[in-house]
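> Sharing protein08.pdb, PDB, C-alpha atoms:
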```pdb
ATOM      1  CA  MET H  10     -27.830  24.777  -8.247
ATOM      2  CA  PRO H  11     -31.154  25.611  -6.553
ATOM      3  CA  HIS H  12     -31.743  23.562  -3.448
ATOM      4  CA  ALA H  13     -34.588  21.095  -3.765
ATOM      5  CA  ASP H  14     -37.778  21.196  -1.729
ATOM      6  CA  PRO H  15     -37.860  18.904   0.339
ATOM      7  CA  PRO H  16     -34.207  19.551   1.289
ATOM      8  CA  ILE H  17     -33.116  16.008   0.587
ATOM      9  CA  TYR H  18     -29.448  16.258   1.611
ATOM     10  CA  LEU H  19     -30.182  17.999   4.896
ATOM     11  CA  LEU H  20     -32.759  15.346   5.775
ATOM     12  CA  ALA H  21     -30.378  12.566   4.713
ATOM     13  CA  GLY H  22     -27.705  14.019   6.982
ATOM     14  CA  ALA H  23     -30.174  14.172   9.861
ATOM     15  CA  ALA H  24     -31.246  10.575   9.160
ATOM     16  CA  LEU H  25     -27.620   9.373   9.169
ATOM     17  CA  PHE H  26     -27.081  11.148  12.482
ATOM     18  CA  VAL H  27     -30.120   9.490  14.035
ATOM     19  CA  ILE H  28     -29.174   6.035  12.703
ATOM     20  CA  GLY H  29     -25.723   6.425  14.223
ATOM     21  CA  PHE H  30     -27.228   7.681  17.470
ATOM     22  CA  TYR H  31     -29.536   4.662  17.744
ATOM     23  CA  SER H  32     -26.684   2.246  17.079
ATOM     24  CA  LEU H  33     -24.446   4.040  19.562
ATOM     25  CA  LEU H  34     -26.977   3.454  22.320
ATOM     26  CA  ILE H  35     -28.066  -0.078  21.375
ATOM     27  CA  GLN H  36     -24.902  -1.901  20.255
ATOM     28  CA  PRO H  37     -22.861  -3.472  23.059
ATOM     29  CA  HIS H  38     -19.644  -4.058  21.119
ATOM     30  CA  PRO H  39     -17.200  -1.127  21.356
ATOM     31  CA  LEU H  40     -16.076  -1.516  17.742
ATOM     32  CA  ARG H  41     -19.643  -1.083  16.525
ATOM     33  CA  ARG H  42     -20.059   1.935  18.761
ATOM     34  CA  ILE H  43     -16.993   3.527  17.179
ATOM     35  CA  MET H  44     -18.482   2.850  13.755
ATOM     36  CA  ALA H  45     -21.771   4.375  14.893
ATOM     37  CA  LEU H  46     -19.900   7.500  15.994
ATOM     38  CA  ASN H  47     -18.295   7.674  12.556
ATOM     39  CA  ILE H  48     -21.705   7.459  10.898
ATOM     40  CA  MET H  49     -22.968  10.274  13.111
ATOM     41  CA  GLY H  50     -19.961  12.293  12.001
ATOM     42  CA  SER H  51     -20.746  11.578   8.358
ATOM     43  CA  GLY H  52     -24.297  12.801   8.917
ATOM     44  CA  VAL H  53     -23.038  16.047  10.423
ATOM     45  CA  PHE H  54     -20.632  16.579   7.508
ATOM     46  CA  LEU H  55     -23.427  16.006   5.019
ATOM     47  CA  VAL H  56     -25.553  18.629   6.787
ATOM     48  CA  PHE H  57     -22.653  21.099   6.665
ATOM     49  CA  ILE H  58     -22.100  20.620   2.939
ATOM     50  CA  ALA H  59     -25.813  20.833   2.203
ATOM     51  CA  LEU H  60     -25.926  24.104   4.148
ATOM     52  CA  ALA H  61     -22.952  25.427   2.168
ATOM     53  CA  ASN H  62     -24.763  24.712  -1.087
ATOM     54  CA  ARG H  63     -27.795  26.834  -0.187
ATOM     55  CA  THR H  64     -26.004  30.168  -0.509
ATOM     56  CA  PRO H  65     -26.778  32.176  -3.640
ATOM     57  CA  GLY H  66     -24.254  32.545  -6.432
ATOM     58  CA  PRO H  67     -22.261  30.074  -8.493
ATOM     59  CA  VAL H  68     -19.558  29.332  -5.890
ATOM     60  CA  ALA H  69     -20.533  27.391  -2.784
ATOM     61  CA  ASP H  70     -19.689  28.846   0.627
ATOM     62  CA  PRO H  71     -16.096  27.766   1.284
ATOM     63  CA  VAL H  72     -16.106  28.192   5.070
ATOM     64  CA  PRO H  73     -18.295  25.104   5.844
ATOM     65  CA  HIS H  74     -16.172  23.149   3.362
ATOM     66  CA  ALA H  75     -13.043  24.005   5.308
ATOM     67  CA  MET H  76     -14.778  23.130   8.578
ATOM     68  CA  VAL H  77     -15.772  19.723   7.210
ATOM     69  CA  LEU H  78     -12.191  19.061   6.071
ATOM     70  CA  THR H  79     -10.981  19.838   9.562
ATOM     71  CA  GLY H  80     -13.755  17.701  11.023
ATOM     72  CA  ILE H  81     -12.909  14.697   8.871
ATOM     73  CA  VAL H  82      -9.267  14.777   9.927
ATOM     74  CA  VAL H  83     -10.153  15.170  13.598
ATOM     75  CA  SER H  84     -12.690  12.332  13.409
ATOM     76  CA  VAL H  85     -10.128  10.018  11.800
ATOM     77  CA  CYS H  86      -7.678  10.804  14.602
ATOM     78  CA  ALA H  87     -10.354  10.239  17.222
ATOM     79  CA  THR H  88     -11.260   6.910  15.621
ATOM     80  CA  GLY H  89      -7.622   5.819  15.605
ATOM     81  CA  LEU H  90      -7.200   6.712  19.265
ATOM     82  CA  ALA H  91     -10.516   5.052  20.174
ATOM     83  CA  LEU H  92      -9.493   1.836  18.423
ATOM     84  CA  ALA H  93      -6.139   1.778  20.190
ATOM     85  CA  LEU H  94      -7.910   2.358  23.513
ATOM     86  CA  THR H  95     -10.375  -0.459  22.762
ATOM     87  CA  ASN H  96      -7.483  -2.773  21.988
ATOM     88  CA  ARG H  97      -5.660  -1.854  25.188
ATOM     89  CA  PHE H  98      -8.854  -2.117  27.216
ATOM     90  CA  GLY H  99      -9.373  -5.608  25.839
ATOM     91  CA  GLU H 100      -5.828  -6.592  26.785
ATOM     92  CA  VAL H 101      -6.288  -5.284  30.319
ATOM     93  CA  LEU H 102      -9.563  -7.196  30.683
ATOM     94  CA  ASP H 103      -7.833 -10.332  29.425
ATOM     95  CA  GLU H 104      -5.184  -9.968  32.107
ATOM     96  CA  LYS H 105      -7.712  -9.355  34.858
ATOM     97  CA  ALA H 106     -10.362 -11.925  33.877
ATOM     98  CA  PRO H 107     -11.090 -14.366  36.700
ATOM     99  CA  PRO H 108     -10.460 -18.088  36.018
ATOM    100  CA  ALA H 109     -13.266 -19.956  34.250
ATOM    101  CA  GLU H 110     -14.159 -22.216  37.210
ATOM    102  CA  SER H 111     -14.881 -19.362  39.627
ATOM    103  CA  PRO H 112     -18.302 -20.002  41.200
ATOM    104  CA  ALA H 113     -18.965 -16.486  42.543
ATOM    105  CA  SER H 114     -18.602 -14.753  39.212
ATOM    106  CA  GLY H 115     -20.293 -17.307  36.989
ATOM    107  CA  LYS H 116     -21.606 -14.671  34.616
ATOM    108  CA  THR H 117     -18.505 -12.512  34.386
ATOM    109  CA  PRO H 118     -16.052 -14.485  32.188
ATOM    110  CA  PRO H 119     -18.367 -15.077  29.201
ATOM    111  CA  GLU H 120     -19.799 -11.558  29.533
ATOM    112  CA  ALA H 121     -16.334  -9.988  29.642
ATOM    113  CA  ALA H 122     -15.203 -12.171  26.768
ATOM    114  CA  GLU H 123     -18.212 -11.184  24.688
ATOM    115  CA  ASN H 124     -17.921  -7.505  25.468
ATOM    116  CA  HIS H 125     -14.324  -6.981  24.478
ATOM    117  CA  ARG H 126     -13.861  -9.438  21.636
TER     118      ARG H 126
ATOM    119  CA  MET G 287     -36.513  -5.442  23.727
ATOM    120  CA  ILE G 288     -38.032  -2.678  25.828
ATOM    121  CA  LEU G 289     -34.691  -0.873  25.714
ATOM    122  CA  ARG G 290     -34.660  -1.010  21.925
ATOM    123  CA  LEU G 291     -38.203   0.331  21.806
ATOM    124  CA  ALA G 292     -37.384   3.188  24.154
ATOM    125  CA  VAL G 293     -34.201   4.130  22.292
ATOM    126  CA  GLY G 294     -36.068   3.790  18.998
ATOM    127  CA  LEU G 295     -38.734   6.227  20.167
ATOM    128  CA  LEU G 296     -36.017   8.606  21.380
ATOM    129  CA  SER G 297     -34.322   8.380  17.981
ATOM    130  CA  VAL G 298     -37.567   9.076  16.134
ATOM    131  CA  ALA G 299     -38.136  12.083  18.392
ATOM    132  CA  LEU G 300     -34.600  13.267  17.632
ATOM    133  CA  LEU G 301     -35.252  12.854  13.903
ATOM    134  CA  GLY G 302     -38.412  14.901  14.284
ATOM    135  CA  ALA G 303     -36.551  17.646  16.102
ATOM    136  CA  LEU G 304     -33.803  17.724  13.454
ATOM    137  CA  THR G 305     -36.356  17.809  10.650
ATOM    138  CA  TRP G 306     -38.098  20.745  12.310
ATOM    139  CA  ALA G 307     -34.720  22.476  12.667
ATOM    140  CA  VAL G 308     -33.965  21.881   8.990
ATOM    141  CA  ARG G 309     -37.393  23.170   7.970
ATOM    142  CA  SER G 310     -37.023  26.330  10.020
ATOM    143  CA  LEU G 311     -33.780  27.348   8.307
ATOM    144  CA  PRO G 312     -33.968  30.596   6.301
ATOM    145  CA  VAL G 313     -34.778  29.968   2.651
ATOM    146  CA  ALA G 314     -32.010  32.188   1.250
ATOM    147  CA  PRO G 315     -29.079  32.294   3.648
ATOM    148  CA  VAL G 316     -26.334  34.833   3.076
ATOM    149  CA  GLY G 317     -23.244  32.803   3.868
ATOM    150  CA  LEU G 318     -19.648  33.971   3.694
ATOM    151  CA  THR G 319     -19.043  33.433  -0.020
ATOM    152  CA  SER G 320     -18.782  37.077  -0.997
ATOM    153  CA  GLU G 321     -16.441  37.918   1.878
ATOM    154  CA  SER G 322     -14.203  34.951   1.054
ATOM    155  CA  LEU G 323     -14.012  35.813  -2.631
ATOM    156  CA  ALA G 324     -13.582  39.553  -2.095
ATOM    157  CA  ARG G 325      -9.977  39.300  -0.881
ATOM    158  CA  LEU G 326      -9.008  36.063  -2.550
ATOM    159  CA  HIS G 327      -6.444  37.807  -4.747
ATOM    160  CA  GLU G 328      -4.564  38.954  -1.636
ATOM    161  CA  SER G 329      -4.603  35.557   0.062
ATOM    162  CA  GLY G 330      -1.934  33.985  -2.124
ATOM    163  CA  VAL G 331      -4.015  31.141  -3.553
ATOM    164  CA  LEU G 332      -6.845  30.942  -6.057
ATOM    165  CA  ASN G 333      -8.891  28.195  -4.423
ATOM    166  CA  PRO G 334     -11.295  29.691  -1.849
ATOM    167  CA  VAL G 335     -11.331  26.576   0.372
ATOM    168  CA  THR G 336      -7.519  26.549   0.622
ATOM    169  CA  ALA G 337      -7.587  30.279   1.335
ATOM    170  CA  VAL G 338     -10.049  29.704   4.184
ATOM    171  CA  LEU G 339      -8.040  26.761   5.559
ATOM    172  CA  LEU G 340      -4.593  28.283   5.425
ATOM    173  CA  ASN G 341      -5.088  32.012   5.437
ATOM    174  CA  TYR G 342      -8.397  33.253   6.816
ATOM    175  CA  ARG G 343      -8.694  30.422   9.391
ATOM    176  CA  GLY G 344      -5.069  29.387   9.532
ATOM    177  CA  TYR G 345      -5.074  29.196  13.310
ATOM    178  CA  ASP G 346      -7.757  26.484  13.215
ATOM    179  CA  THR G 347      -5.591  24.450  10.855
ATOM    180  CA  LEU G 348      -2.607  24.858  13.162
ATOM    181  CA  LEU G 349      -4.631  23.466  16.043
ATOM    182  CA  GLU G 350      -5.936  20.665  13.842
ATOM    183  CA  ILE G 351      -2.392  19.537  13.037
ATOM    184  CA  ALA G 352      -1.682  19.678  16.751
ATOM    185  CA  VAL G 353      -4.680  17.347  17.251
ATOM    186  CA  LEU G 354      -3.049  14.930  14.803
ATOM    187  CA  LEU G 355       0.123  14.992  16.888
ATOM    188  CA  LEU G 356      -1.901  14.500  20.055
ATOM    189  CA  ALA G 357      -3.620  11.444  18.591
ATOM    190  CA  ILE G 358      -0.363   9.753  17.626
ATOM    191  CA  VAL G 359       1.175  10.564  21.017
ATOM    192  CA  GLY G 360      -1.869   9.004  22.669
ATOM    193  CA  VAL G 361      -1.717   5.874  20.541
ATOM    194  CA  TRP G 362       2.044   5.473  20.962
ATOM    195  CA  SER G 363       1.829   5.821  24.723
ATOM    196  CA  LEU G 364      -0.702   2.987  24.994
ATOM    197  CA  GLN G 365       0.985  -0.077  23.541
ATOM    198  CA  ARG G 366       3.388  -1.485  20.973
ATOM    199  CA  GLY G 367       2.070  -1.669  17.448
ATOM    200  CA  ASP G 368       1.814  -4.816  15.356
ATOM    201  CA  SER G 369       4.667  -5.558  13.026
ATOM    202  CA  PRO G 370       3.455  -5.132   9.466
ATOM    203  CA  GLY G 371       2.735  -8.299   7.516
ATOM    204  CA  GLY G 372       5.625 -10.201   6.030
ATOM    205  CA  ASP G 373       4.086 -12.877   3.862
ATOM    206  CA  LEU G 374       4.888 -11.054   0.663
ATOM    207  CA  PRO G 375       6.583 -13.992  -1.147
ATOM    208  CA  GLU G 376       3.274 -15.876  -1.032
ATOM    209  CA  ARG G 377       1.365 -12.958  -2.512
ATOM    210  CA  PRO G 378       2.958 -12.181  -5.891
ATOM    211  CA  LEU G 379      -0.074 -10.260  -7.102
ATOM    212  CA  LEU G 380       0.082  -7.908  -4.128
ATOM    213  CA  ALA G 381       3.809  -7.388  -4.649
ATOM    214  CA  ALA G 382       3.259  -6.524  -8.321
ATOM    215  CA  LEU G 383       0.406  -4.202  -7.454
ATOM    216  CA  LEU G 384       2.498  -2.391  -4.854
ATOM    217  CA  ARG G 385       5.363  -1.986  -7.283
ATOM    218  CA  LEU G 386       2.969  -0.200  -9.639
ATOM    219  CA  LEU G 387       0.727   1.614  -7.181
ATOM    220  CA  LEU G 388       3.096   3.114  -4.611
ATOM    221  CA  PRO G 389       5.073   5.388  -6.966
ATOM    222  CA  VAL G 390       1.856   6.536  -8.639
ATOM    223  CA  MET G 391       0.291   7.320  -5.249
ATOM    224  CA  VAL G 392       3.304   9.330  -4.150
ATOM    225  CA  LEU G 393       3.192  11.261  -7.411
ATOM    226  CA  ALA G 394      -0.554  11.856  -7.114
ATOM    227  CA  ALA G 395      -0.114  13.086  -3.539
ATOM    228  CA  GLY G 396       2.484  15.603  -4.662
ATOM    229  CA  TYR G 397       0.167  16.711  -7.453
ATOM    230  CA  LEU G 398      -2.713  17.177  -5.024
ATOM    231  CA  LEU G 399      -0.477  19.284  -2.784
ATOM    232  CA  TRP G 400       0.516  21.551  -5.660
ATOM    233  CA  ILE G 401      -2.906  21.860  -7.281
ATOM    234  CA  GLY G 402      -4.474  22.847  -3.946
ATOM    235  CA  ALA G 403      -3.637  26.464  -4.659
ATOM    236  CA  PHE G 404      -5.746  26.504  -7.816
ATOM    237  CA  ALA G 405      -8.337  23.709  -7.582
ATOM    238  CA  PRO G 406      -9.700  21.295  -4.942
ATOM    239  CA  GLY G 407      -6.690  19.772  -3.246
ATOM    240  CA  GLY G 408      -4.098  20.757  -0.701
ATOM    241  CA  ALA G 409      -2.105  19.376   2.186
ATOM    242  CA  PHE G 410      -4.849  17.249   3.748
ATOM    243  CA  GLN G 411      -5.912  15.561   0.551
ATOM    244  CA  GLY G 412      -2.321  14.807  -0.458
ATOM    245  CA  GLY G 413      -1.478  13.724   3.071
ATOM    246  CA  ALA G 414      -4.445  11.350   3.178
ATOM    247  CA  LEU G 415      -3.389   9.764  -0.121
ATOM    248  CA  LEU G 416       0.195   9.432   1.060
ATOM    249  CA  GLY G 417      -1.021   7.939   4.352
ATOM    250  CA  GLY G 418      -3.014   5.415   2.352
ATOM    251  CA  ALA G 419       0.121   4.548   0.405
ATOM    252  CA  LEU G 420       1.906   4.010   3.714
ATOM    253  CA  VAL G 421      -0.844   1.658   4.918
ATOM    254  CA  LEU G 422      -0.601  -0.270   1.641
ATOM    255  CA  ALA G 423       3.135  -0.554   2.160
ATOM    256  CA  PHE G 424       2.526  -1.883   5.678
ATOM    257  CA  LEU G 425       0.063  -4.444   4.385
ATOM    258  CA  GLY G 426       2.498  -5.597   1.747
ATOM    259  CA  GLY G 427       5.346  -5.942   4.188
ATOM    260  CA  ARG G 428       7.410  -3.329   2.418
ATOM    261  CA  ALA G 429       7.826  -0.921   5.332
ATOM    262  CA  GLY G 430      10.122  -2.711   7.777
ATOM    263  CA  GLY G 431      13.157  -0.557   7.093
ATOM    264  CA  PHE G 432      11.006   2.542   7.155
ATOM    265  CA  LEU G 433       9.736   1.724  10.635
ATOM    266  CA  ARG G 434      13.214   1.218  12.044
ATOM    267  CA  ARG G 435      14.235   4.841  11.452
ATOM    268  CA  HIS G 436      12.752   6.133  14.681
ATOM    269  CA  ARG G 437      14.361   9.538  14.720
ATOM    270  CA  TRP G 438      13.202  10.320  11.186
ATOM    271  CA  LEU G 439       9.712   9.125  12.067
ATOM    272  CA  ARG G 440       9.514  11.366  15.095
ATOM    273  CA  LEU G 441      10.950  14.289  13.163
ATOM    274  CA  GLY G 442       8.380  13.821  10.429
ATOM    275  CA  LEU G 443       5.536  13.576  12.907
ATOM    276  CA  VAL G 444       6.323  16.895  14.588
ATOM    277  CA  LEU G 445       7.384  18.675  11.402
ATOM    278  CA  GLY G 446       3.910  20.006  10.624
ATOM    279  CA  VAL G 447       3.324  21.624  14.005
ATOM    280  CA  VAL G 448       6.881  22.966  14.207
ATOM    281  CA  VAL G 449       6.898  24.553  10.748
ATOM    282  CA  PHE G 450       3.403  25.987  11.128
ATOM    283  CA  SER G 451       4.183  27.485  14.552
ATOM    284  CA  ALA G 452       7.517  28.828  13.312
ATOM    285  CA  ALA G 453       5.746  30.422  10.359
ATOM    286  CA  GLY G 454       3.236  32.003  12.715
ATOM    287  CA  ALA G 455       5.998  33.374  14.936
ATOM    288  CA  ALA G 456       7.999  34.618  11.955
ATOM    289  CA  ALA G 457       4.903  36.288  10.538
ATOM    290  CA  LYS G 458       4.331  37.967  13.905
ATOM    291  CA  LEU G 459       7.889  39.304  13.844
ATOM    292  CA  LEU G 460       7.648  40.457  10.227
ATOM    293  CA  THR G 461       4.174  41.965  10.048
ATOM    294  CA  GLY G 462       2.957  42.180  13.641
ATOM    295  CA  GLY G 463       0.093  39.673  13.325
ATOM    296  CA  LEU G 464       0.161  35.973  14.221
ATOM    297  CA  LEU G 465       0.014  33.989  10.966
ATOM    298  CA  GLN G 466      -0.388  37.205   8.990
ATOM    299  CA  TYR G 467       1.718  36.443   5.942
ATOM    300  CA  PRO G 468       3.662  39.304   4.341
ATOM    301  CA  ALA G 469       1.703  40.930   1.524
ATOM    302  CA  GLY G 470       2.388  39.414  -1.882
ATOM    303  CA  HIS G 471       4.207  36.339  -0.521
ATOM    304  CA  GLY G 472       1.227  34.479   0.887
ATOM    305  CA  GLY G 473       1.423  31.814  -1.815
ATOM    306  CA  ALA G 474       5.009  30.833  -0.989
ATOM    307  CA  TRP G 475       4.394  30.753   2.759
ATOM    308  CA  ILE G 476       1.266  28.622   2.276
ATOM    309  CA  LEU G 477       3.179  26.179   0.069
ATOM    310  CA  ILE G 478       5.958  25.736   2.629
ATOM    311  CA  ILE G 479       3.480  25.222   5.466
ATOM    312  CA  GLU G 480       1.410  22.811   3.391
ATOM    313  CA  SER G 481       4.441  20.715   2.407
ATOM    314  CA  ALA G 482       5.487  20.235   6.026
ATOM    315  CA  ALA G 483       1.899  19.559   7.039
ATOM    316  CA  MET G 484       1.503  16.937   4.305
ATOM    317  CA  VAL G 485       4.483  14.975   5.614
ATOM    318  CA  SER G 486       3.092  15.045   9.149
ATOM    319  CA  ILE G 487      -0.427  14.139   8.082
ATOM    320  CA  ALA G 488       0.747  11.204   5.980
ATOM    321  CA  LEU G 489       2.987   9.823   8.727
ATOM    322  CA  THR G 490       0.318  10.274  11.396
ATOM    323  CA  LEU G 491      -2.442   8.590   9.391
ATOM    324  CA  GLY G 492      -0.194   5.723   8.346
ATOM    325  CA  LEU G 493       1.211   5.156  11.833
ATOM    326  CA  LEU G 494      -2.254   5.343  13.420
ATOM    327  CA  TYR G 495      -3.012   2.223  11.434
ATOM    328  CA  LEU G 496      -0.342   0.273  13.325
ATOM    329  CA  GLY G 497      -2.020   1.037  16.618
ATOM    330  CA  GLY G 498       1.079   1.572  18.698
ATOM    331  CA  ARG G 499       4.793   2.251  18.878
ATOM    332  CA  PRO G 500       6.924   0.503  16.291
ATOM    333  CA  GLU G 501       9.419  -2.027  17.619
ATOM    334  CA  GLU G 502      12.679  -0.629  18.887
ATOM    335  CA  LYS G 503      15.466  -2.950  17.869
ATOM    336  CA  GLU G 504      18.112  -0.291  17.489
TER     337      GLU G 504
END
```
Give the structure from this file in structure tokens form.

Amino acid sequence: MPHADPPIYLLAGAALFVIGFYSLLIQPHPLRRIMALNIMGSGVFLVFIALANRTPGPVADPVPHAMVLTGIVVSVCATGLALALTNRFGEVLDEKAPPAESPASGKTPPEAAENHR
Amino acid sequence: MILRLAVGLLSVALLGALTWAVRSLPVAPVGLTSESLARLHESGVLNPVTAVLLNYRGYDTLLEIAVLLLAIVGVWSLQRGDSPGGDLPERPLLAALLRLLLPVMVLAAGYLLWIGAFAPGGAFQGGALLGGALVLAFLGGRAGGFLRRHRWLRLGLVLGVVVFSAAGAAAKLLTGGLLQYPAGHGGAWILIIESAAMVSIALTLGLLYLGGRPEEKE
């Protein structure tokens, strides 16, 4: 299949990466940041597959396909570990949160509660 | 607001840089297709992607399965996992669906493992499907007895790395190269490695869903 001009899949992959990048920097909630990282990963995988399709001949280049398979599995593992860490981090913050009537840290309890839940 | 504007400008600049990078790619890249297909008949499988994953770049796949083990060790060392849901009597539709779906998913996973030598498929695809079946079983409350067999769980989790490493060591003893399968028997070796890897992948992906160690009431 001849690759189109403009290279629509490569640009879509780049756009996904940038959308994920923006969300990673802007969103305060850790769960949304993990999702943003996953979207960045999806953008990178799309770029890889689009690159594999550009080679001449009827069969697409299998090496980027294998790399994407490896990348998907590694990103799922990283997401699982990140979610478990977020959960544990939230539990630790719950244990260490100061009592609600503390005058010195008036901003901390609602901020901590918002950031990890 | 000013932060969003600044990060937005940075993102647009990044998009511009990536677009320029995409535009400056060579129009007709060479790729590795011809090299992969040239020795496909010696690799033991007919699917070029499986040949790359388990023969040409087998060492990368070994390390990837080790990453799976590392992830589950990390998650298990953090906290105890939730017990899977047990309100199955109130959800008859889910129970009926599980009774139909789980055997079909196990069968489809085995099919994907076998067909990986000839068509798109293989250990990771079958393992992902089997891991999804495990998550469904957790959600339907059907996996309590499964989770209590700790020794079998741990054995299954390490099986992929152990079998793959043993195959690499055996290949080194037999032919002198790490993970260099004996000529003519590549297909059988790949099938054995893939079967062990599928069990590990399925268990890892399903147990990652729980988010921690299962309860130990032995």
> Rank H:Pro16, H:Ala21, H:Arg42, H:Val27 by their smallest atom-to-atom distance to Leu296 of chain G, using only C-alpha atoms, and report the top residue only.
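Looking at the shortest contact to Leu296 of chain G, the residue is H:Val27.
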> Within 7 Å of chain G, which residues of chain H are there when counting all atoms listed in the file? Please give them as a tab-separated table (two decimals) with C-alpha atoms, in the frame of the given file.

```tsv
chain	number	residue	atom	x	y	z
H	19	LEU	CA	-30.18	18.00	4.90
H	20	LEU	CA	-32.76	15.35	5.78
H	23	ALA	CA	-30.17	14.17	9.86
H	24	ALA	CA	-31.25	10.58	9.16
H	27	VAL	CA	-30.12	9.49	14.04
H	31	TYR	CA	-29.54	4.66	17.74
H	35	ILE	CA	-28.07	-0.08	21.38
H	63	ARG	CA	-27.80	26.83	-0.19
H	64	THR	CA	-26.00	30.17	-0.51
H	69	ALA	CA	-20.53	27.39	-2.78
H	70	ASP	CA	-19.69	28.85	0.63
H	71	PRO	CA	-16.10	27.77	1.28
H	72	VAL	CA	-16.11	28.19	5.07
H	74	HIS	CA	-16.17	23.15	3.36
H	75	ALA	CA	-13.04	24.00	5.31
H	79	THR	CA	-10.98	19.84	9.56
H	83	VAL	CA	-10.15	15.17	13.60
H	86	CYS	CA	-7.68	10.80	14.60
H	87	ALA	CA	-10.35	10.24	17.22
H	89	GLY	CA	-7.62	5.82	15.60
H	90	LEU	CA	-7.20	6.71	19.26
H	93	ALA	CA	-6.14	1.78	20.19
H	97	ARG	CA	-5.66	-1.85	25.19
```
> One number please: atom CA of Leu383 of chain G to atom CA of Gly431 of chain G, in Å, one decimal.
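Those two atoms sit 19.7 Å apart.
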> What does the PyMOL selection byres ((chain G and resi 469) around 12) select in this file, as a ChimeraX atom specification?
/G:327-330,341,457,460-461,463,465-468,470-475
> Env of Phe54 of chain H: 6 Å cut, atoms = all atoms listed in the file, seq-sep filter 3 positions within chain, self excluded. Answer as a PyMOL selection string.
chain H and resi 51+57+77
> Which residue out of H:Val68, H:Leu78, H:Leu60, H:Val85 has the minimum interatomic distance to Leu46 of chain H when all atoms listed in the file are used?
H:Val85
> For a test of reading the model, state the distance in Å between atom CA of Val485 of chain G and atom CA of Arg437 of chain G, rounded to one decimal.
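Computed distance, atom CA of Val485 of chain G to atom CA of Arg437 of chain G, equals 14.5 Å.
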> For segment 443-454 of chain G, please output as a list in words all residues within 6 Å (counting all atoms listed in the file; exclusion window: fewer than 2 positions along the same chain).
Arg440, Leu441, Ala456, Ala457, Leu464, Leu465, Ile479, Ala482, Ala483 and Ser486 of chain G
> Expressed in Å to a single decimal, how great is the separation between atom CA of Ala381 of chain G and atom CA of Gly426 of chain G?
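Rounded to one decimal, the two atoms are 6.8 Å apart.
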> Determine the nearest neighbour of Ile17 of chain H from the options H:Ala45, H:Leu33, H:Val53, H:Ala59, counting only C-alpha atoms.
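Among H:Ala45, H:Leu33, H:Val53, H:Ala59, it is H:Ala59 that comes nearest to Ile17 of chain H.
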